[in-house]
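Working notes for the structure below.
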Amino acid sequence: MTTYETMPFHLETERLVLRPWDESDAADFCGLLSERGDGTPTVGRIRTAITGLLTATETTGIALLPVQRRAEGDFIGYCGLIIGRSTLEEPEIAYELFRHAHGRGYATEAAAAVLDAAVATGRKRLWSTVGAWNTHSLRVLEKLGFERDRVSTEENGEVVWLTRALARPGPRRVNRERGAGG
């Protein structure tokens, strides 16, 4: 089994901060999950889930991270790497945002930061699985260079499997030639 570097657990972009979970995220996380239409989990249940996420992060070296807007400081969702339907060697990228945060490029921005973090771990490939109905999420993944691998049928409908090869950035070449007058 290959050993991978631990994923950075604090990521910043121009507009977003991705950071480790805190117990204080439980109420916001409940609100996000309730938007799915399957009912609202209890805050106690979500606190337990957050503890599980933190434990999994310690064990695996990858993380699903809360996403907050830098300027506003508000929780708008999560993004990160999970084992999901895949493996620790080739994890899945996962994200979910509040509906009010859709259509502003936040998912693409957060997922791009997670892709960079995945490259830094030394992994060679990521997966994502998305309901075939979720055209917005599929578009985000296409923007990030994911390609469709296959479609499976599960109890909740068709699931599109996508993959993306990761290349570790090579050393930068420095042009040592100097032009006239340089």
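Residues are referred to by chain and number: the chain letter is A, B, ... according to the order shown in the structure tokens, the number counts from 1 in that chain, and ligands are numbered separately from 1 in the order shown.
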
Counting only C-alpha atoms, what is within 12 Å of A:Thr57, bar same-chain residues fewer than 5 positions away, as a ChimeraX atom specification?
/A:6-9,20-21,50-52,62-65,80-83,88

Please produce a file of those selected residues containing N, CA and C atoms, as a PDB file, in the first residue's frame.
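Saved the output as again25.pdb:
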```
ATOM      1  N   THR A   6      -0.512  13.720   4.319  1.00  0.00           N
ATOM      2  CA  THR A   6      -1.777  14.164   4.888  1.00  0.00           C
ATOM      3  C   THR A   6      -2.259  15.386   4.131  1.00  0.00           C
ATOM      4  N   MET A   7      -3.526  15.395   3.837  1.00  0.00           N
ATOM      5  CA  MET A   7      -4.142  16.528   3.141  1.00  0.00           C
ATOM      6  C   MET A   7      -4.115  17.764   4.040  1.00  0.00           C
ATOM      7  N   PRO A   8      -3.848  18.937   3.495  1.00  0.00           N
ATOM      8  CA  PRO A   8      -3.974  20.156   4.305  1.00  0.00           C
ATOM      9  C   PRO A   8      -5.432  20.320   4.761  1.00  0.00           C
ATOM     10  N   PHE A   9      -5.638  20.654   6.021  1.00  0.00           N
ATOM     11  CA  PHE A   9      -6.986  20.759   6.571  1.00  0.00           C
ATOM     12  C   PHE A   9      -7.464  22.199   6.709  1.00  0.00           C
ATOM     13  N   PRO A  20     -11.199  22.743   9.475  1.00  0.00           N
ATOM     14  CA  PRO A  20     -11.714  21.572  10.189  1.00  0.00           C
ATOM     15  C   PRO A  20     -13.071  21.868  10.851  1.00  0.00           C
ATOM     16  N   TRP A  21     -13.827  20.804  11.054  1.00  0.00           N
ATOM     17  CA  TRP A  21     -15.130  20.904  11.710  1.00  0.00           C
ATOM     18  C   TRP A  21     -14.970  21.312  13.163  1.00  0.00           C
ATOM     19  N   ILE A  50     -20.144  14.891  13.315  1.00  0.00           N
ATOM     20  CA  ILE A  50     -18.936  15.716  13.235  1.00  0.00           C
ATOM     21  C   ILE A  50     -17.775  15.030  13.949  1.00  0.00           C
ATOM     22  N   THR A  51     -18.039  14.439  15.100  1.00  0.00           N
ATOM     23  CA  THR A  51     -17.007  13.679  15.808  1.00  0.00           C
ATOM     24  C   THR A  51     -16.502  12.545  14.926  1.00  0.00           C
ATOM     25  N   GLY A  52     -17.423  11.867  14.240  1.00  0.00           N
ATOM     26  CA  GLY A  52     -17.035  10.794  13.320  1.00  0.00           C
ATOM     27  C   GLY A  52     -16.189  11.295  12.163  1.00  0.00           C
ATOM     28  N   ILE A  62      -7.400  12.374   5.032  1.00  0.00           N
ATOM     29  CA  ILE A  62      -8.191  13.182   4.108  1.00  0.00           C
ATOM     30  C   ILE A  62      -9.377  13.730   4.881  1.00  0.00           C
ATOM     31  N   ALA A  63     -10.013  14.778   4.354  1.00  0.00           N
ATOM     32  CA  ALA A  63     -11.075  15.414   5.131  1.00  0.00           C
ATOM     33  C   ALA A  63     -12.161  16.014   4.265  1.00  0.00           C
ATOM     34  N   LEU A  64     -13.351  15.977   4.818  1.00  0.00           N
ATOM     35  CA  LEU A  64     -14.485  16.746   4.333  1.00  0.00           C
ATOM     36  C   LEU A  64     -14.503  17.988   5.216  1.00  0.00           C
ATOM     37  N   LEU A  65     -14.436  19.174   4.626  1.00  0.00           N
ATOM     38  CA  LEU A  65     -14.242  20.402   5.385  1.00  0.00           C
ATOM     39  C   LEU A  65     -15.419  21.357   5.243  1.00  0.00           C
ATOM     40  N   GLY A  80     -14.658  18.390   0.226  1.00  0.00           N
ATOM     41  CA  GLY A  80     -13.455  17.682   0.625  1.00  0.00           C
ATOM     42  C   GLY A  80     -13.337  16.331  -0.009  1.00  0.00           C
ATOM     43  N   LEU A  81     -12.480  15.524   0.563  1.00  0.00           N
ATOM     44  CA  LEU A  81     -12.236  14.172   0.084  1.00  0.00           C
ATOM     45  C   LEU A  81     -12.829  13.177   1.067  1.00  0.00           C
ATOM     46  N   ILE A  82     -13.471  12.150   0.513  1.00  0.00           N
ATOM     47  CA  ILE A  82     -14.057  11.071   1.313  1.00  0.00           C
ATOM     48  C   ILE A  82     -13.746   9.742   0.640  1.00  0.00           C
ATOM     49  N   ILE A  83     -13.910   8.659   1.379  1.00  0.00           N
ATOM     50  CA  ILE A  83     -13.774   7.340   0.752  1.00  0.00           C
ATOM     51  C   ILE A  83     -15.038   7.033  -0.046  1.00  0.00           C
ATOM     52  N   LEU A  88      -9.361   4.773  -0.285  1.00  0.00           N
ATOM     53  CA  LEU A  88      -8.470   5.777   0.281  1.00  0.00           C
ATOM     54  C   LEU A  88      -7.395   6.168  -0.739  1.00  0.00           C
TER      55      LEU A  88
END
```

Near-A:Arg139 list (12 Å; only C-alpha atoms; drop same-chain fewer than 5 positions) as a PyMOL selection string
chain A and resi 103+105+107-108+130+132-134+144-148+162

If you run DSSP on the backbone, which residues of stretch 63-161 of chain A are strand (DSSP E), as a ChimeraX atom specification?
/A:64-69,75-82,92-97,125-131,147-154,157-161

Please save N, CA, C and O atoms of the selected residues as a compact mmCIF listing (two decimals), in the first residue's frame.
```txt
# COMPACT_ATOMS: atom_id res chain seq x y z
N LEU A 64 -13.35 15.98 4.82
CA LEU A 64 -14.49 16.75 4.33
C LEU A 64 -14.50 17.99 5.22
O LEU A 64 -14.53 17.87 6.45
N LEU A 65 -14.44 19.17 4.63
CA LEU A 65 -14.24 20.40 5.39
C LEU A 65 -15.42 21.36 5.24
O LEU A 65 -15.96 21.51 4.14
N PRO A 66 -15.79 22.04 6.32
CA PRO A 66 -16.81 23.09 6.20
C PRO A 66 -16.29 24.21 5.30
O PRO A 66 -15.09 24.51 5.30
N VAL A 67 -17.19 24.81 4.55
CA VAL A 67 -16.86 25.93 3.67
C VAL A 67 -17.56 27.16 4.21
O VAL A 67 -18.76 27.14 4.47
N GLN A 68 -16.79 28.23 4.40
CA GLN A 68 -17.41 29.49 4.80
C GLN A 68 -16.90 30.60 3.90
O GLN A 68 -15.78 30.53 3.38
N ARG A 69 -17.74 31.60 3.71
CA ARG A 69 -17.32 32.75 2.93
C ARG A 69 -16.40 33.60 3.78
O ARG A 69 -16.64 33.80 4.97
N PHE A 75 -21.15 29.89 7.29
CA PHE A 75 -21.08 28.50 6.81
C PHE A 75 -22.01 28.38 5.61
O PHE A 75 -23.19 28.72 5.69
N ILE A 76 -21.47 27.92 4.47
CA ILE A 76 -22.32 27.76 3.29
C ILE A 76 -22.35 26.31 2.79
O ILE A 76 -23.06 26.01 1.83
N GLY A 77 -21.59 25.41 3.41
CA GLY A 77 -21.61 24.02 2.98
C GLY A 77 -20.34 23.30 3.36
O GLY A 77 -19.65 23.68 4.31
N TYR A 78 -20.04 22.26 2.58
CA TYR A 78 -18.82 21.49 2.83
C TYR A 78 -18.23 21.05 1.51
O TYR A 78 -18.91 21.01 0.48
N CYS A 79 -16.95 20.73 1.54
CA CYS A 79 -16.24 20.21 0.37
C CYS A 79 -15.01 19.48 0.88
O CYS A 79 -14.40 19.89 1.86
N GLY A 80 -14.66 18.39 0.23
CA GLY A 80 -13.46 17.68 0.63
C GLY A 80 -13.34 16.33 -0.01
O GLY A 80 -14.02 16.03 -1.00
N LEU A 81 -12.48 15.52 0.56
CA LEU A 81 -12.24 14.17 0.08
C LEU A 81 -12.83 13.18 1.07
O LEU A 81 -12.70 13.34 2.28
N ILE A 82 -13.47 12.15 0.51
CA ILE A 82 -14.06 11.07 1.31
C ILE A 82 -13.75 9.74 0.64
O ILE A 82 -13.39 9.71 -0.54
N GLU A 92 -13.03 10.04 -3.26
CA GLU A 92 -14.02 10.86 -3.96
C GLU A 92 -13.94 12.29 -3.48
O GLU A 92 -13.70 12.54 -2.30
N ILE A 93 -14.17 13.21 -4.39
CA ILE A 93 -14.37 14.60 -4.00
C ILE A 93 -15.88 14.76 -3.79
O ILE A 93 -16.68 14.23 -4.56
N ALA A 94 -16.24 15.42 -2.72
CA ALA A 94 -17.65 15.62 -2.39
C ALA A 94 -17.87 17.06 -1.97
O ALA A 94 -16.99 17.68 -1.37
N TYR A 95 -19.03 17.60 -2.30
CA TYR A 95 -19.37 18.95 -1.89
C TYR A 95 -20.89 19.10 -1.88
O TYR A 95 -21.61 18.40 -2.58
N GLU A 96 -21.34 20.02 -1.04
CA GLU A 96 -22.75 20.36 -0.96
C GLU A 96 -22.83 21.75 -0.36
O GLU A 96 -22.15 22.05 0.62
N LEU A 97 -23.62 22.60 -0.99
CA LEU A 97 -23.77 23.97 -0.52
C LEU A 97 -25.25 24.30 -0.30
O LEU A 97 -26.12 23.72 -0.95
N ARG A 125 -5.30 9.86 -8.73
CA ARG A 125 -6.62 9.99 -9.34
C ARG A 125 -7.69 10.19 -8.27
O ARG A 125 -7.58 9.67 -7.17
N LEU A 126 -8.71 10.97 -8.64
CA LEU A 126 -9.88 11.17 -7.79
C LEU A 126 -11.12 10.70 -8.53
O LEU A 126 -11.15 10.65 -9.76
N TRP A 127 -12.15 10.40 -7.74
CA TRP A 127 -13.46 10.02 -8.27
C TRP A 127 -14.50 11.00 -7.77
O TRP A 127 -14.28 11.71 -6.80
N SER A 128 -15.63 10.99 -8.41
CA SER A 128 -16.82 11.66 -7.90
C SER A 128 -18.01 10.86 -8.38
O SER A 128 -18.00 10.33 -9.50
N THR A 129 -19.02 10.73 -7.53
CA THR A 129 -20.26 10.08 -7.93
C THR A 129 -21.39 11.08 -7.70
O THR A 129 -21.48 11.68 -6.63
N VAL A 130 -22.21 11.27 -8.72
CA VAL A 130 -23.24 12.29 -8.70
C VAL A 130 -24.52 11.72 -9.30
O VAL A 130 -24.47 11.03 -10.33
N GLY A 131 -25.65 12.05 -8.68
CA GLY A 131 -26.92 11.65 -9.27
C GLY A 131 -27.05 12.23 -10.67
O GLY A 131 -26.72 13.40 -10.90
N GLU A 147 -13.94 13.54 -16.00
CA GLU A 147 -14.53 12.91 -17.18
C GLU A 147 -15.41 11.75 -16.75
O GLU A 147 -15.09 11.04 -15.79
N ARG A 148 -16.49 11.55 -17.48
CA ARG A 148 -17.41 10.46 -17.16
C ARG A 148 -16.74 9.12 -17.39
O ARG A 148 -16.10 8.90 -18.41
N ASP A 149 -16.90 8.24 -16.42
CA ASP A 149 -16.34 6.90 -16.50
C ASP A 149 -17.45 5.89 -16.80
O ASP A 149 -17.29 5.04 -17.67
N ARG A 150 -18.57 5.99 -16.06
CA ARG A 150 -19.68 5.06 -16.25
C ARG A 150 -20.91 5.58 -15.52
O ARG A 150 -20.84 6.53 -14.76
N VAL A 151 -22.02 4.90 -15.74
CA VAL A 151 -23.27 5.19 -15.04
C VAL A 151 -23.74 3.89 -14.41
O VAL A 151 -23.71 2.84 -15.04
N SER A 152 -24.14 3.97 -13.14
CA SER A 152 -24.70 2.80 -12.47
C SER A 152 -26.12 3.14 -12.02
O SER A 152 -26.48 4.30 -11.90
N THR A 153 -26.89 2.11 -11.79
CA THR A 153 -28.25 2.30 -11.30
C THR A 153 -28.30 1.83 -9.85
O THR A 153 -27.91 0.71 -9.54
N GLU A 154 -28.75 2.73 -8.98
CA GLU A 154 -28.87 2.43 -7.56
C GLU A 154 -30.32 2.63 -7.16
O GLU A 154 -31.15 3.04 -7.97
N GLY A 157 -31.84 5.89 -8.15
CA GLY A 157 -31.72 6.31 -9.55
C GLY A 157 -30.33 6.12 -10.10
O GLY A 157 -29.49 5.44 -9.52
N GLU A 158 -30.09 6.76 -11.24
CA GLU A 158 -28.80 6.62 -11.92
C GLU A 158 -27.74 7.49 -11.24
O GLU A 158 -28.01 8.63 -10.86
N VAL A 159 -26.53 6.93 -11.15
CA VAL A 159 -25.38 7.63 -10.57
C VAL A 159 -24.29 7.69 -11.63
O VAL A 159 -23.93 6.67 -12.23
N VAL A 160 -23.81 8.89 -11.88
CA VAL A 160 -22.72 9.09 -12.84
C VAL A 160 -21.40 9.03 -12.06
O VAL A 160 -21.23 9.74 -11.07
N TRP A 161 -20.50 8.17 -12.52
CA TRP A 161 -19.16 8.05 -11.95
C TRP A 161 -18.21 8.85 -12.83
O TRP A 161 -18.15 8.64 -14.05
```

Give the answer as one residue: which of A:Ser34, A:Thr13, A:Thr48, A:Thr121 has the shortest atom-to-atom distance to A:Thr60, using only C-alpha atoms?
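Selected residue with least distance to A:Thr60: A:Thr121.
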
As an exercise, work out the distance from atom CA of A:Ala117 to atom CA of A:Ala56 in Å and give it to one decimal place.
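Rounded to one decimal, the two atoms are 17.1 Å apart.
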
Could you go through chain A and tell me which residues DSSP, when run on the backbone, assigns to helix (DSSP H, G or I), listing them as a PyMOL selection string?
chain A and resi 23-34+43-60+99-101+106-121+135-143
